[in-house]
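Down below is the structure, laid out as structure tokens.
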Amino acid sequence: MAGRLRDAPVLIIFEGGPAGSDPERMLQDVRSAIVLEHIEKAHESGAFGAVILCTDRPELAAAAAAQGAVVELDPPAPSFHFGRRLQAVVRRRRPAAVCCMGGAAGALITAEELAEIGRLLAGGTPLVAANNVHSADIIAFAPAEAVLHVEPPPIDNPLALALHYGAGLPLVPLPRSLGLHFDVDTPSDALVLAVHPRTGPRVRECLAAWSLDTARIRQAKAALVNPQVDVFVYGRINAALFTYLDQHSRCRIRLLSEERGMKAMGRDVRGEVRAILGYALEAMGMQGFFRCLEAVCSAAFLDTRVLLAHAGREVSAADRFYSDLGMPANIDDPWLRELTAEAAEARVPVVLGGHGLVTGGVWALLDAALQESHAKTGMD
């Protein structure tokens, strides 16, 4: 094994953390299933000398080891420092090159996409490649020891830029594909997986066990390919998504993008978030706002984290996740409870979520709708 680590790239997966509510435990289960599918795909790709899993979950560790992964089981800890943990793995294992990712990054990635990353790293050229250089969660770099010469970031998002500026590695973009850009960070993302045809069998079985209500997200997905309707997409939306929607959706798109980078810039922490839709919500009230949505669109996707930040609401992960699932009775915060209840009762499907919903999530839903439409046309 040591020889393979020194001669070939390795895939390092990080997955862990506590869960204090049913939605958080559901996400843990889904993410664990994704990790096990990542290990299978990495082996199928034949591009990596080893798959190394760093986790604090004994059950996941045992299942991953049974699939041939090298497992580093961490003790439960109140905090996790990504950069220092990655440096420790590289220092101990001494791989030639590394592709590292969070457990739920690239939830729809294919074995061929992993193989492409492996071939890129095996070329012997110093480089750092990422799915999003400004906020990366899949990062490939060579040589691996370069990470030992930079200030380790506490989270994975700035690692690509740290290796570029701190270690002098040339930046190389990874292909812009759904497989590399759809992550599962919230229950809304899990709902998307529940209705996507490329979702793997382990994940599909896990989602089925949680009996999620997918009615609204299925209706919203169908609206994306209905030329007779309008779909409203709101939140931290990038230009690439708008381009994709403009080229491939069959509906009319109403799109409002605001407060991109609010977390990276610390605007949410400093209370500086100001949102046009937030002011509209204040002016119209909850009921008036959703009556307005019903009048202008047949489906809506809302990045509620922007609205929460605008309203100055600091809510728990459990509250955010129950909101994503459309379960207002379980939400403690009264403002978010009312917002979620009105969304659930709206006459059009309103899908609530975070940044991932209005980037990779909508992309994945449109991709799923187009695949289903093409399959139906072929059968006809």
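Every chain in the structure tokens has a letter given in the order shown (A, B, ...), and although residue numbers restart at 1 in each chain, ligands are simply numbered from 1 in the order shown.
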Exercise. Can you list, as a PyMOL selection string, every residue of region 235-380 of chain A that DSSP puts in strand (DSSP E or B)?
Worked result: chain A and resi 235+252-257+299-303+350-353
Save out the residues we just selected, N, CA and C atoms, as a compact mmCIF listing (two decimals), in the first residue's frame.
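New file result21.txt:
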# COMPACT_ATOMS: atom_id res chain seq x y z
N GLY A 235 -32.01 33.98 -4.78
CA GLY A 235 -30.95 33.81 -3.78
C GLY A 235 -29.57 34.04 -4.36
N ARG A 252 -40.56 29.93 -18.51
CA ARG A 252 -40.06 31.30 -18.44
C ARG A 252 -39.44 31.49 -17.06
N ILE A 253 -38.23 31.95 -17.01
CA ILE A 253 -37.50 32.08 -15.74
C ILE A 253 -37.60 33.50 -15.22
N ARG A 254 -38.01 33.64 -13.97
CA ARG A 254 -37.94 34.90 -13.23
C ARG A 254 -36.83 34.70 -12.19
N LEU A 255 -35.78 35.45 -12.28
CA LEU A 255 -34.60 35.21 -11.45
C LEU A 255 -34.16 36.49 -10.74
N LEU A 256 -33.89 36.37 -9.44
CA LEU A 256 -33.35 37.48 -8.66
C LEU A 256 -32.16 36.96 -7.86
N SER A 257 -30.98 37.45 -8.22
CA SER A 257 -29.76 37.03 -7.53
C SER A 257 -29.27 38.16 -6.64
N ALA A 299 -44.09 28.01 -9.79
CA ALA A 299 -43.19 27.30 -8.87
C ALA A 299 -42.10 28.28 -8.45
N ALA A 300 -41.57 28.08 -7.25
CA ALA A 300 -40.54 28.98 -6.75
C ALA A 300 -39.49 28.21 -5.96
N PHE A 301 -38.24 28.64 -6.10
CA PHE A 301 -37.12 28.12 -5.33
C PHE A 301 -36.53 29.30 -4.55
N LEU A 302 -36.54 29.22 -3.22
CA LEU A 302 -36.11 30.35 -2.40
C LEU A 302 -34.93 29.97 -1.52
N ASP A 303 -33.86 30.74 -1.61
CA ASP A 303 -32.69 30.62 -0.73
C ASP A 303 -33.05 31.36 0.56
N VAL A 350 -43.54 25.75 -3.53
CA VAL A 350 -42.44 26.62 -3.10
C VAL A 350 -41.41 25.75 -2.40
N VAL A 351 -40.22 25.68 -2.95
CA VAL A 351 -39.16 24.85 -2.40
C VAL A 351 -38.19 25.75 -1.66
N LEU A 352 -37.97 25.48 -0.38
CA LEU A 352 -37.09 26.28 0.47
C LEU A 352 -35.77 25.56 0.65
N GLY A 353 -34.69 26.33 0.78
CA GLY A 353 -33.39 25.71 0.99
C GLY A 353 -32.31 26.74 1.13
Problem set entry | Residue set, region 220-345 of chain A restricted to helix (DSSP H, G or I), as a ChimeraX atom specification | /A:220-223,239-248,276-296,304-311,317-324,328-330,334-345
For this session: Please provide as a ChimeraX atom specification all residues within 6 Å of region 167-177 of chain A, with the sequence filter that same-chain residues fewer than 4 positions apart are discarded (counting only C-alpha atoms).
Result: /A:126-131,146,163
Problem set entry | Closest of A:Ala50, A:Ala136, A:Leu148, A:Leu293 to Arg347 (chain A) - atom-to-atom distances counting only C-alpha atoms | A:Leu293
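Among the candidate residues A:Glu282, A:Glu294, A:Asp319, A:Glu151, the one lying nearest to Gln87 (chain A) is A:Glu151, with distances computed using only C-alpha atoms.
Reported to one decimal place, the separation of CA of Gly83 (chain A) from CA of Ala64 (chain A) is 22.4 Å.
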Could you make a table, as a Markdown table, of the residues of region 167-189 of chain A that have an atom within 12 Å of an atom of region 325-331 of chain A, each with its nearest atom pair and distance in Å to one decimal, counting only C-alpha atoms, in chain and number order?
| residue | atom | partner | partner_atom | distance |
| --- | --- | --- | --- | --- |
| A:Thr186 | CA | A:Leu325 | CA | 9.4 |
| A:Pro187 | CA | A:Leu325 | CA | 6.5 |
| A:Ser188 | CA | A:Leu325 | CA | 6.9 |
| A:Asp189 | CA | A:Leu325 | CA | 10.3 |
Problem set entry | Neighbour list for Leu370 (chain A) as a PyMOL selection string, cut-off 9 Å, only C-alpha atoms, skip fewer than 5 positions in-chain | chain A and resi 224-225+248-249+365+375
Exercise. Contacts of region 90-94 of chain A at 12 Å or less, counting only C-alpha atoms, minus same-chain residues fewer than 5 places along, as a ChimeraX atom specification?
Worked result: /A:1-12,49-52,70-72,83-85,99-100,141-149
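The smallest atom-to-atom distance between Ala88 (chain A) and any of A:Pro23, A:Pro152, A:Gly102, A:Gly360, using only C-alpha atoms, is found for A:Pro152.
In this model, the gap between CA of Asp324 (chain A) and CA of Gly361 (chain A) comes to 12.7 Å.
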